[in-house]
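Asks: Please find upload-v2.cif (mmCIF, N, CA and C atoms, pLDDT in the B column; chains and numbers go by the auth columns) on the next line:
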```cif
data_data
#
loop_
_atom_site.group_PDB
_atom_site.id
_atom_site.type_symbol
_atom_site.label_atom_id
_atom_site.label_comp_id
_atom_site.label_asym_id
_atom_site.label_seq_id
_atom_site.Cartn_x
_atom_site.Cartn_y
_atom_site.Cartn_z
_atom_site.B_iso_or_equiv
_atom_site.auth_seq_id
_atom_site.auth_asym_id
ATOM 1 N N MET A 1 -200.682 -43.964 108.822 70.00 727 A
ATOM 2 C CA MET A 1 -202.090 -43.592 108.933 70.00 727 A
ATOM 3 C C MET A 1 -202.782 -44.525 109.930 70.00 727 A
ATOM 4 N N ILE A 2 -203.604 -43.935 110.711 91.00 728 A
ATOM 5 C CA ILE A 2 -204.373 -44.787 111.607 91.00 728 A
ATOM 6 C C ILE A 2 -205.605 -45.294 110.852 91.00 728 A
ATOM 7 N N VAL A 3 -206.249 -46.250 111.440 92.00 729 A
ATOM 8 C CA VAL A 3 -207.365 -46.932 110.780 92.00 729 A
ATOM 9 C C VAL A 3 -208.485 -45.964 110.416 92.00 729 A
ATOM 10 N N ILE A 4 -208.805 -45.049 111.284 94.00 730 A
ATOM 11 C CA ILE A 4 -209.898 -44.092 111.026 94.00 730 A
ATOM 12 C C ILE A 4 -209.573 -43.224 109.814 94.00 730 A
ATOM 13 N N GLU A 5 -208.327 -42.769 109.712 94.00 731 A
ATOM 14 C CA GLU A 5 -207.927 -41.954 108.560 94.00 731 A
ATOM 15 C C GLU A 5 -208.014 -42.757 107.258 94.00 731 A
ATOM 16 N N LYS A 6 -207.644 -44.025 107.320 95.00 732 A
ATOM 17 C CA LYS A 6 -207.732 -44.876 106.137 95.00 732 A
ATOM 18 C C LYS A 6 -209.185 -45.048 105.698 95.00 732 A
ATOM 19 N N ILE A 7 -210.054 -45.279 106.666 95.00 733 A
ATOM 20 C CA ILE A 7 -211.476 -45.447 106.343 95.00 733 A
ATOM 21 C C ILE A 7 -212.038 -44.154 105.768 95.00 733 A
ATOM 22 N N GLU A 8 -211.682 -43.020 106.358 96.00 734 A
ATOM 23 C CA GLU A 8 -212.141 -41.726 105.826 96.00 734 A
ATOM 24 C C GLU A 8 -211.635 -41.511 104.409 96.00 734 A
ATOM 25 N N SER A 9 -210.384 -41.852 104.162 96.00 735 A
ATOM 26 C CA SER A 9 -209.818 -41.702 102.819 96.00 735 A
ATOM 27 C C SER A 9 -210.545 -42.585 101.815 96.00 735 A
ATOM 28 N N LEU A 10 -210.848 -43.817 102.211 96.00 736 A
ATOM 29 C CA LEU A 10 -211.569 -44.725 101.319 96.00 736 A
ATOM 30 C C LEU A 10 -212.983 -44.221 101.033 96.00 736 A
ATOM 31 N N ILE A 11 -213.650 -43.713 102.041 97.00 737 A
ATOM 32 C CA ILE A 11 -215.007 -43.185 101.850 97.00 737 A
ATOM 33 C C ILE A 11 -214.988 -42.004 100.889 97.00 737 A
ATOM 34 N N ILE A 12 -214.031 -41.099 101.081 98.00 738 A
ATOM 35 C CA ILE A 12 -213.927 -39.941 100.191 98.00 738 A
ATOM 36 C C ILE A 12 -213.602 -40.385 98.766 98.00 738 A
ATOM 37 N N LEU A 13 -212.665 -41.320 98.627 97.00 739 A
ATOM 38 C CA LEU A 13 -212.283 -41.828 97.313 97.00 739 A
ATOM 39 C C LEU A 13 -213.477 -42.441 96.593 97.00 739 A
ATOM 40 N N PHE A 14 -214.162 -43.361 97.259 97.00 740 A
ATOM 41 C CA PHE A 14 -215.272 -44.042 96.602 97.00 740 A
ATOM 42 C C PHE A 14 -216.467 -43.113 96.368 97.00 740 A
ATOM 43 N N ALA A 15 -216.681 -42.140 97.235 98.00 741 A
ATOM 44 C CA ALA A 15 -217.744 -41.156 97.004 98.00 741 A
ATOM 45 C C ALA A 15 -217.417 -40.313 95.769 98.00 741 A
ATOM 46 N N PHE A 16 -216.157 -39.892 95.663 98.00 742 A
ATOM 47 C CA PHE A 16 -215.750 -39.099 94.510 98.00 742 A
ATOM 48 C C PHE A 16 -215.908 -39.887 93.215 98.00 742 A
ATOM 49 N N VAL A 17 -215.478 -41.144 93.213 98.00 743 A
ATOM 50 C CA VAL A 17 -215.583 -41.962 91.999 98.00 743 A
ATOM 51 C C VAL A 17 -217.050 -42.234 91.673 98.00 743 A
ATOM 52 N N TRP A 18 -217.882 -42.445 92.679 98.00 744 A
ATOM 53 C CA TRP A 18 -219.299 -42.683 92.426 98.00 744 A
ATOM 54 C C TRP A 18 -219.946 -41.454 91.787 98.00 744 A
ATOM 55 N N ILE A 19 -219.654 -40.275 92.349 98.00 745 A
ATOM 56 C CA ILE A 19 -220.215 -39.042 91.779 98.00 745 A
ATOM 57 C C ILE A 19 -219.670 -38.820 90.373 98.00 745 A
ATOM 58 N N TRP A 20 -218.373 -39.039 90.172 97.00 746 A
ATOM 59 C CA TRP A 20 -217.757 -38.895 88.847 97.00 746 A
ATOM 60 C C TRP A 20 -218.456 -39.815 87.839 97.00 746 A
ATOM 61 N N ASN A 21 -218.605 -41.088 88.196 97.00 747 A
ATOM 62 C CA ASN A 21 -219.225 -42.048 87.288 97.00 747 A
ATOM 63 C C ASN A 21 -220.692 -41.750 87.039 97.00 747 A
ATOM 64 N N ARG A 22 -221.321 -41.102 87.948 97.00 748 A
ATOM 65 C CA ARG A 22 -222.747 -40.774 87.794 97.00 748 A
ATOM 66 C C ARG A 22 -222.967 -39.748 86.687 97.00 748 A
ATOM 67 N N TYR A 23 -222.030 -38.809 86.497 96.00 749 A
ATOM 68 C CA TYR A 23 -222.265 -37.701 85.589 96.00 749 A
ATOM 69 C C TYR A 23 -221.265 -37.569 84.436 96.00 749 A
ATOM 70 N N VAL A 24 -220.001 -37.759 84.686 97.00 750 A
ATOM 71 C CA VAL A 24 -218.975 -37.365 83.726 97.00 750 A
ATOM 72 C C VAL A 24 -218.860 -38.275 82.492 97.00 750 A
ATOM 73 N N PRO A 25 -218.743 -39.608 82.616 96.00 751 A
ATOM 74 C CA PRO A 25 -218.547 -40.419 81.404 96.00 751 A
ATOM 75 C C PRO A 25 -219.672 -40.262 80.377 96.00 751 A
ATOM 76 N N LYS A 26 -220.905 -40.278 80.831 96.00 752 A
ATOM 77 C CA LYS A 26 -222.043 -40.126 79.921 96.00 752 A
ATOM 78 C C LYS A 26 -221.991 -38.763 79.228 96.00 752 A
ATOM 79 N N THR A 27 -221.639 -37.725 79.971 97.00 753 A
ATOM 80 C CA THR A 27 -221.548 -36.381 79.414 97.00 753 A
ATOM 81 C C THR A 27 -220.457 -36.295 78.353 97.00 753 A
ATOM 82 N N ILE A 28 -219.308 -36.876 78.641 95.00 754 A
ATOM 83 C CA ILE A 28 -218.201 -36.843 77.685 95.00 754 A
ATOM 84 C C ILE A 28 -218.604 -37.530 76.387 95.00 754 A
ATOM 85 N N PHE A 29 -219.134 -38.744 76.478 95.00 755 A
ATOM 86 C CA PHE A 29 -219.513 -39.478 75.270 95.00 755 A
ATOM 87 C C PHE A 29 -220.645 -38.781 74.532 95.00 755 A
ATOM 88 N N ARG A 30 -221.604 -38.231 75.278 95.00 756 A
ATOM 89 C CA ARG A 30 -222.730 -37.540 74.642 95.00 756 A
ATOM 90 C C ARG A 30 -222.246 -36.299 73.891 95.00 756 A
ATOM 91 N N ARG A 31 -221.290 -35.572 74.440 96.00 757 A
ATOM 92 C CA ARG A 31 -220.770 -34.380 73.756 96.00 757 A
ATOM 93 C C ARG A 31 -219.997 -34.735 72.501 96.00 757 A
ATOM 94 N N VAL A 32 -219.208 -35.790 72.566 93.00 758 A
ATOM 95 C CA VAL A 32 -218.456 -36.207 71.368 93.00 758 A
ATOM 96 C C VAL A 32 -219.416 -36.635 70.269 93.00 758 A
ATOM 97 N N ILE A 33 -220.413 -37.424 70.628 93.00 759 A
ATOM 98 C CA ILE A 33 -221.391 -37.873 69.633 93.00 759 A
ATOM 99 C C ILE A 33 -222.204 -36.694 69.125 93.00 759 A
ATOM 100 N N GLY A 34 -222.596 -35.792 70.006 94.00 760 A
ATOM 101 C CA GLY A 34 -223.336 -34.599 69.587 94.00 760 A
ATOM 102 C C GLY A 34 -222.536 -33.735 68.632 94.00 760 A
ATOM 103 N N PHE A 35 -221.236 -33.617 68.875 94.00 761 A
ATOM 104 C CA PHE A 35 -220.378 -32.862 67.964 94.00 761 A
ATOM 105 C C PHE A 35 -220.392 -33.485 66.577 94.00 761 A
ATOM 106 N N HIS A 36 -220.262 -34.799 66.518 92.00 762 A
ATOM 107 C CA HIS A 36 -220.251 -35.467 65.220 92.00 762 A
ATOM 108 C C HIS A 36 -221.615 -35.399 64.535 92.00 762 A
ATOM 109 N N GLU A 37 -222.678 -35.473 65.313 92.00 763 A
ATOM 110 C CA GLU A 37 -224.012 -35.344 64.716 92.00 763 A
ATOM 111 C C GLU A 37 -224.231 -33.949 64.147 92.00 763 A
ATOM 112 N N LYS A 38 -223.650 -32.941 64.770 94.00 764 A
ATOM 113 C CA LYS A 38 -223.839 -31.564 64.322 94.00 764 A
ATOM 114 C C LYS A 38 -222.879 -31.181 63.201 94.00 764 A
ATOM 115 N N HIS A 39 -221.610 -31.519 63.341 94.00 765 A
ATOM 116 C CA HIS A 39 -220.593 -31.039 62.408 94.00 765 A
ATOM 117 C C HIS A 39 -220.091 -32.089 61.423 94.00 765 A
ATOM 118 N N ASN A 40 -220.491 -33.337 61.601 89.00 766 A
ATOM 119 C CA ASN A 40 -219.948 -34.398 60.765 89.00 766 A
ATOM 120 C C ASN A 40 -221.035 -35.409 60.403 89.00 766 A
ATOM 121 N N ALA A 41 -222.242 -34.930 60.178 89.00 767 A
ATOM 122 C CA ALA A 41 -223.388 -35.813 59.968 89.00 767 A
ATOM 123 C C ALA A 41 -223.224 -36.710 58.746 89.00 767 A
ATOM 124 N N LYS A 42 -222.532 -36.235 57.728 91.00 768 A
ATOM 125 C CA LYS A 42 -222.403 -37.046 56.513 91.00 768 A
ATOM 126 C C LYS A 42 -221.501 -38.265 56.718 91.00 768 A
ATOM 127 N N ASN A 43 -220.695 -38.269 57.773 88.00 769 A
ATOM 128 C CA ASN A 43 -219.781 -39.382 58.022 88.00 769 A
ATOM 129 C C ASN A 43 -220.196 -40.263 59.194 88.00 769 A
ATOM 130 N N LEU A 44 -221.411 -40.107 59.689 87.00 770 A
ATOM 131 C CA LEU A 44 -221.844 -40.908 60.834 87.00 770 A
ATOM 132 C C LEU A 44 -221.954 -42.387 60.503 87.00 770 A
ATOM 133 N N ASP A 45 -222.101 -42.714 59.236 89.00 771 A
ATOM 134 C CA ASP A 45 -222.234 -44.121 58.853 89.00 771 A
ATOM 135 C C ASP A 45 -220.893 -44.761 58.510 89.00 771 A
ATOM 136 N N LYS A 46 -219.794 -44.058 58.748 90.00 772 A
ATOM 137 C CA LYS A 46 -218.461 -44.588 58.452 90.00 772 A
ATOM 138 C C LYS A 46 -217.738 -44.921 59.749 90.00 772 A
ATOM 139 N N GLN A 47 -216.848 -45.897 59.654 90.00 773 A
ATOM 140 C CA GLN A 47 -216.054 -46.298 60.824 90.00 773 A
ATOM 141 C C GLN A 47 -214.947 -45.286 61.057 90.00 773 A
ATOM 142 N N PRO A 48 -214.486 -45.024 62.202 90.00 774 A
ATOM 143 C CA PRO A 48 -214.847 -45.551 63.520 90.00 774 A
ATOM 144 C C PRO A 48 -215.982 -44.794 64.195 90.00 774 A
ATOM 145 N N ILE A 49 -216.500 -43.741 63.566 89.00 775 A
ATOM 146 C CA ILE A 49 -217.562 -42.936 64.174 89.00 775 A
ATOM 147 C C ILE A 49 -218.828 -43.765 64.351 89.00 775 A
ATOM 148 N N LYS A 50 -219.140 -44.610 63.378 91.00 776 A
ATOM 149 C CA LYS A 50 -220.338 -45.448 63.462 91.00 776 A
ATOM 150 C C LYS A 50 -220.249 -46.381 64.667 91.00 776 A
ATOM 151 N N PHE A 51 -219.087 -46.990 64.868 93.00 777 A
ATOM 152 C CA PHE A 51 -218.884 -47.870 66.016 93.00 777 A
ATOM 153 C C PHE A 51 -219.088 -47.101 67.318 93.00 777 A
ATOM 154 N N PHE A 52 -218.522 -45.918 67.394 89.00 778 A
ATOM 155 C CA PHE A 52 -218.616 -45.077 68.579 89.00 778 A
ATOM 156 C C PHE A 52 -220.074 -44.734 68.889 89.00 778 A
ATOM 157 N N VAL A 53 -220.837 -44.368 67.867 90.00 779 A
ATOM 158 C CA VAL A 53 -222.242 -43.995 68.052 90.00 779 A
ATOM 159 C C VAL A 53 -223.091 -45.221 68.398 90.00 779 A
ATOM 160 N N ASP A 54 -222.841 -46.337 67.712 94.00 780 A
ATOM 161 C CA ASP A 54 -223.648 -47.538 67.920 94.00 780 A
ATOM 162 C C ASP A 54 -223.413 -48.192 69.277 94.00 780 A
ATOM 163 N N HIS A 55 -222.243 -48.032 69.838 95.00 781 A
ATOM 164 C CA HIS A 55 -221.886 -48.716 71.083 95.00 781 A
ATOM 165 C C HIS A 55 -221.653 -47.746 72.243 95.00 781 A
ATOM 166 N N GLU A 56 -222.380 -46.660 72.232 94.00 782 A
ATOM 167 C CA GLU A 56 -222.191 -45.637 73.266 94.00 782 A
ATOM 168 C C GLU A 56 -222.395 -46.193 74.669 94.00 782 A
ATOM 169 N N GLU A 57 -223.468 -46.934 74.892 96.00 783 A
ATOM 170 C CA GLU A 57 -223.775 -47.445 76.233 96.00 783 A
ATOM 171 C C GLU A 57 -222.681 -48.383 76.735 96.00 783 A
ATOM 172 N N LYS A 58 -222.187 -49.248 75.869 97.00 784 A
ATOM 173 C CA LYS A 58 -221.121 -50.171 76.265 97.00 784 A
ATOM 174 C C LYS A 58 -219.830 -49.423 76.571 97.00 784 A
ATOM 175 N N MET A 59 -219.550 -48.380 75.812 96.00 785 A
ATOM 176 C CA MET A 59 -218.335 -47.609 76.049 96.00 785 A
ATOM 177 C C MET A 59 -218.434 -46.808 77.343 96.00 785 A
ATOM 178 N N VAL A 60 -219.608 -46.290 77.648 97.00 786 A
ATOM 179 C CA VAL A 60 -219.809 -45.585 78.908 97.00 786 A
ATOM 180 C C VAL A 60 -219.624 -46.568 80.072 97.00 786 A
ATOM 181 N N ALA A 61 -220.197 -47.754 79.940 97.00 787 A
ATOM 182 C CA ALA A 61 -220.035 -48.771 80.987 97.00 787 A
ATOM 183 C C ALA A 61 -218.568 -49.156 81.141 97.00 787 A
ATOM 184 N N GLY A 62 -217.847 -49.264 80.047 97.00 788 A
ATOM 185 C CA GLY A 62 -216.422 -49.577 80.105 97.00 788 A
ATOM 186 C C GLY A 62 -215.617 -48.482 80.785 97.00 788 A
ATOM 187 N N ALA A 63 -215.964 -47.235 80.514 97.00 789 A
ATOM 188 C CA ALA A 63 -215.273 -46.116 81.165 97.00 789 A
ATOM 189 C C ALA A 63 -215.548 -46.123 82.668 97.00 789 A
ATOM 190 N N LYS A 64 -216.798 -46.387 83.047 97.00 790 A
ATOM 191 C CA LYS A 64 -217.132 -46.452 84.467 97.00 790 A
ATOM 192 C C LYS A 64 -216.375 -47.586 85.151 97.00 790 A
ATOM 193 N N LEU A 65 -216.288 -48.730 84.499 98.00 791 A
ATOM 194 C CA LEU A 65 -215.540 -49.859 85.043 98.00 791 A
ATOM 195 C C LEU A 65 -214.068 -49.500 85.204 98.00 791 A
ATOM 196 N N PHE A 66 -213.511 -48.814 84.224 98.00 792 A
ATOM 197 C CA PHE A 66 -212.114 -48.379 84.278 98.00 792 A
ATOM 198 C C PHE A 66 -211.870 -47.504 85.507 98.00 792 A
ATOM 199 N N TYR A 67 -212.770 -46.561 85.775 97.00 793 A
ATOM 200 C CA TYR A 67 -212.614 -45.685 86.933 97.00 793 A
ATOM 201 C C TYR A 67 -212.766 -46.452 88.244 97.00 793 A
ATOM 202 N N TRP A 68 -213.675 -47.437 88.295 98.00 794 A
ATOM 203 C CA TRP A 68 -213.836 -48.224 89.513 98.00 794 A
ATOM 204 C C TRP A 68 -212.609 -49.088 89.771 98.00 794 A
ATOM 205 N N ILE A 69 -212.050 -49.662 88.718 98.00 795 A
ATOM 206 C CA ILE A 69 -210.838 -50.467 88.886 98.00 795 A
ATOM 207 C C ILE A 69 -209.705 -49.596 89.410 98.00 795 A
ATOM 208 N N GLY A 70 -209.573 -48.401 88.865 97.00 796 A
ATOM 209 C CA GLY A 70 -208.562 -47.465 89.360 97.00 796 A
ATOM 210 C C GLY A 70 -208.782 -47.117 90.818 97.00 796 A
ATOM 211 N N ALA A 71 -210.035 -46.904 91.219 97.00 797 A
ATOM 212 C CA ALA A 71 -210.338 -46.574 92.615 97.00 797 A
ATOM 213 C C ALA A 71 -210.002 -47.749 93.531 97.00 797 A
ATOM 214 N N ILE A 72 -210.264 -48.955 93.075 97.00 798 A
ATOM 215 C CA ILE A 72 -209.943 -50.138 93.879 97.00 798 A
ATOM 216 C C ILE A 72 -208.439 -50.268 94.062 97.00 798 A
ATOM 217 N N ILE A 73 -207.683 -50.033 92.993 97.00 799 A
ATOM 218 C CA ILE A 73 -206.222 -50.092 93.087 97.00 799 A
ATOM 219 C C ILE A 73 -205.705 -49.023 94.062 97.00 799 A
ATOM 220 N N ILE A 74 -206.238 -47.822 93.974 97.00 800 A
ATOM 221 C CA ILE A 74 -205.841 -46.762 94.906 97.00 800 A
ATOM 222 C C ILE A 74 -206.248 -47.125 96.322 97.00 800 A
ATOM 223 N N GLY A 75 -207.437 -47.701 96.484 96.00 801 A
ATOM 224 C CA GLY A 75 -207.909 -48.129 97.806 96.00 801 A
ATOM 225 C C GLY A 75 -206.997 -49.183 98.420 96.00 801 A
ATOM 226 N N ILE A 76 -206.537 -50.114 97.610 96.00 802 A
ATOM 227 C CA ILE A 76 -205.592 -51.117 98.101 96.00 802 A
ATOM 228 C C ILE A 76 -204.296 -50.449 98.537 96.00 802 A
ATOM 229 N N GLY A 77 -203.875 -49.451 97.769 95.00 803 A
ATOM 230 C CA GLY A 77 -202.679 -48.697 98.157 95.00 803 A
ATOM 231 C C GLY A 77 -202.856 -47.964 99.469 95.00 803 A
ATOM 232 N N ILE A 78 -204.040 -47.412 99.699 94.00 804 A
ATOM 233 C CA ILE A 78 -204.308 -46.717 100.959 94.00 804 A
ATOM 234 C C ILE A 78 -204.281 -47.717 102.120 94.00 804 A
ATOM 235 N N LEU A 79 -204.881 -48.872 101.913 93.00 805 A
ATOM 236 C CA LEU A 79 -204.922 -49.869 102.988 93.00 805 A
ATOM 237 C C LEU A 79 -203.538 -50.442 103.269 93.00 805 A
ATOM 238 N N GLY A 80 -202.700 -50.516 102.247 91.00 806 A
ATOM 239 C CA GLY A 80 -201.369 -51.074 102.417 91.00 806 A
ATOM 240 C C GLY A 80 -200.371 -50.137 103.049 91.00 806 A
ATOM 241 N N SER A 81 -200.666 -48.863 103.067 81.00 807 A
ATOM 242 C CA SER A 81 -199.685 -47.909 103.613 81.00 807 A
ATOM 243 C C SER A 81 -199.732 -47.830 105.120 81.00 807 A
#
```
Could you spell out this file's structure in structure tokens?
Replies:
Amino acid sequence: MIVIEKIESLIILFAFVWIWNRYVPKTIFRRVIGFHEKHNAKNLDKQPIKFFVDHEEKMVAGAKLFYWIGAIIIGIGILGS
């Protein structure tokens, strides 16, 4: 790959991960919690559902970090090829 192709690949990769992190993790966690609030309301105060509901923001941040770390690893692979 020439340098321009590598830069284009990195831009596309990081744009995709940025857009993904902007919408998808929050939606996934919100749907899971919404399902439990609707269909499992009597067990919301029991573990592990309580932990999941109480720490939603931290878990979303962790998922976003996971995707960024993956993108960085892929980016290093693109630069190394």
Asks: Find the distance between CA of Ala789 in chain A and atom C of Leu805 in chain A and write it in Å to one decimal.
Replies: 25.4 Å
Asks: Which distance in Å separates atom C of Lys752 in chain A and CA of Ile799 in chain A, to one decimal?
Replies: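 Separating atom C of Lys752 in chain A from CA of Ile799 in chain A is a distance of 23.9 Å.
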Asks: Write out as a PyMOL selection string the residues lying within 10 Å of range 779-781 of chain A, counting only C-alpha atoms and excluding same-chain residues fewer than 6 positions away.
Replies: chain A and resi 755-756+758-760+762-763+770-771+773
Asks: Write out as a PyMOL selection string the residues lying within 7 Å of Lys732 in chain A, counting all atoms listed in the file and excluding same-chain residues fewer than 5 positions away.
Replies: chain A and resi 727+737+804-805
Asks: I'd like the interatomic distance between atom C of Leu736 in chain A and atom N of Gly806 in chain A, to a tenth of an Å.
Replies: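 A separation of 12.1 Å between them.
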Asks: Point out the residue among A:Lys772, A:Lys764, A:Lys790, A:Lys784 with the least atom-to-atom distance to Asn747 in chain A, counting only N, CA and C atoms.
Replies: A:Lys790
Asks: Return as JSON the centre and edge lengths, in Å with one decimal, of the box along x, y and z that encloses every atom of range 747-750 of chain A in the file, padded by 6 Å per side.
Replies:
```
{"center_x": -220.8, "center_y": -39.7, "center_z": 85.3, "size_x": 16.4, "size_y": 16.7, "size_z": 17.7}
```
Asks: From the list A:Ile730, A:Asn766, A:Leu739, A:Pro751, which residue is nearest Gly801 in chain A when using all atoms listed in the file?
Replies: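 Smallest distance to Gly801 in chain A is found for A:Leu739.
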Asks: Quick one: of A:Met785, A:Ser807, A:Ile800, A:Ile754, who's nearest to Phe740 in chain A, counting only C-alpha atoms?
Replies: A:Ile800
Asks: Nearest residue to Val786 in chain A out of A:Ile798, A:Tyr749, A:Pro774, A:Ile728, using only C-alpha atoms?
Replies: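 Among the listed residues, A:Tyr749 lies closest to Val786 in chain A.
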Asks: Please supply range 762-770 of chain A, rebuilt with all heavy atoms, as a CSV table (one decimal), in the coordinates of the input.
Replies:
```csv
chain,number,residue,atom,x,y,z
A,762,HIS,N,-220.3,-34.8,66.5
A,762,HIS,CA,-220.3,-35.5,65.2
A,762,HIS,C,-221.6,-35.4,64.5
A,762,HIS,O,-221.7,-35.3,63.3
A,762,HIS,CB,-219.8,-36.9,65.4
A,762,HIS,CG,-218.3,-37.0,65.5
A,762,HIS,ND1,-217.4,-36.8,64.5
A,762,HIS,CD2,-217.5,-37.3,66.6
A,762,HIS,CE1,-216.2,-37.0,64.9
A,762,HIS,NE2,-216.2,-37.2,66.2
A,763,GLU,N,-222.7,-35.5,65.3
A,763,GLU,CA,-224.0,-35.3,64.7
A,763,GLU,C,-224.2,-33.9,64.1
A,763,GLU,O,-224.9,-33.8,63.1
A,763,GLU,CB,-225.1,-35.7,65.8
A,763,GLU,CG,-225.1,-37.1,66.1
A,763,GLU,CD,-226.1,-37.5,67.2
A,763,GLU,OE1,-226.4,-36.5,68.0
A,763,GLU,OE2,-226.4,-38.6,67.4
A,764,LYS,N,-223.6,-32.9,64.8
A,764,LYS,CA,-223.8,-31.6,64.3
A,764,LYS,C,-222.9,-31.2,63.2
A,764,LYS,O,-223.3,-30.6,62.2
A,764,LYS,CB,-223.6,-30.6,65.5
A,764,LYS,CG,-223.9,-29.2,65.2
A,764,LYS,CD,-223.8,-28.3,66.4
A,764,LYS,CE,-224.0,-26.8,66.1
A,764,LYS,NZ,-223.9,-26.0,67.3
A,765,HIS,N,-221.6,-31.5,63.3
A,765,HIS,CA,-220.6,-31.0,62.4
A,765,HIS,C,-220.1,-32.1,61.4
A,765,HIS,O,-219.3,-31.7,60.5
A,765,HIS,CB,-219.4,-30.5,63.2
A,765,HIS,CG,-219.7,-29.4,64.1
A,765,HIS,ND1,-220.0,-28.1,63.6
A,765,HIS,CD2,-219.8,-29.3,65.4
A,765,HIS,CE1,-220.3,-27.3,64.6
A,765,HIS,NE2,-220.2,-28.0,65.7
A,766,ASN,N,-220.5,-33.3,61.6
A,766,ASN,CA,-219.9,-34.4,60.8
A,766,ASN,C,-221.0,-35.4,60.4
A,766,ASN,O,-220.8,-36.6,60.3
A,766,ASN,CB,-218.8,-35.1,61.5
A,766,ASN,CG,-217.9,-35.9,60.6
A,766,ASN,OD1,-217.9,-35.7,59.4
A,766,ASN,ND2,-217.1,-36.8,61.2
A,767,ALA,N,-222.2,-34.9,60.2
A,767,ALA,CA,-223.4,-35.8,60.0
A,767,ALA,C,-223.2,-36.7,58.7
A,767,ALA,O,-223.7,-37.8,58.7
A,767,ALA,CB,-224.7,-35.0,59.8
A,768,LYS,N,-222.5,-36.2,57.7
A,768,LYS,CA,-222.4,-37.0,56.5
A,768,LYS,C,-221.5,-38.3,56.7
A,768,LYS,O,-221.6,-39.2,55.9
A,768,LYS,CB,-221.9,-36.2,55.4
A,768,LYS,CG,-220.5,-35.7,55.6
A,768,LYS,CD,-220.0,-34.8,54.4
A,768,LYS,CE,-218.6,-34.3,54.7
A,768,LYS,NZ,-218.1,-33.5,53.7
A,769,ASN,N,-220.7,-38.3,57.8
A,769,ASN,CA,-219.8,-39.4,58.0
A,769,ASN,C,-220.2,-40.3,59.2
A,769,ASN,O,-219.4,-41.1,59.6
A,769,ASN,CB,-218.4,-38.9,58.3
A,769,ASN,CG,-217.8,-38.3,57.0
A,769,ASN,OD1,-218.0,-38.8,55.9
A,769,ASN,ND2,-217.0,-37.2,57.2
A,770,LEU,N,-221.4,-40.1,59.7
A,770,LEU,CA,-221.8,-40.9,60.8
A,770,LEU,C,-222.0,-42.4,60.5
A,770,LEU,O,-221.9,-43.2,61.4
A,770,LEU,CB,-223.2,-40.4,61.4
A,770,LEU,CG,-223.2,-39.1,62.2
A,770,LEU,CD1,-224.6,-38.7,62.6
A,770,LEU,CD2,-222.3,-39.3,63.4
```
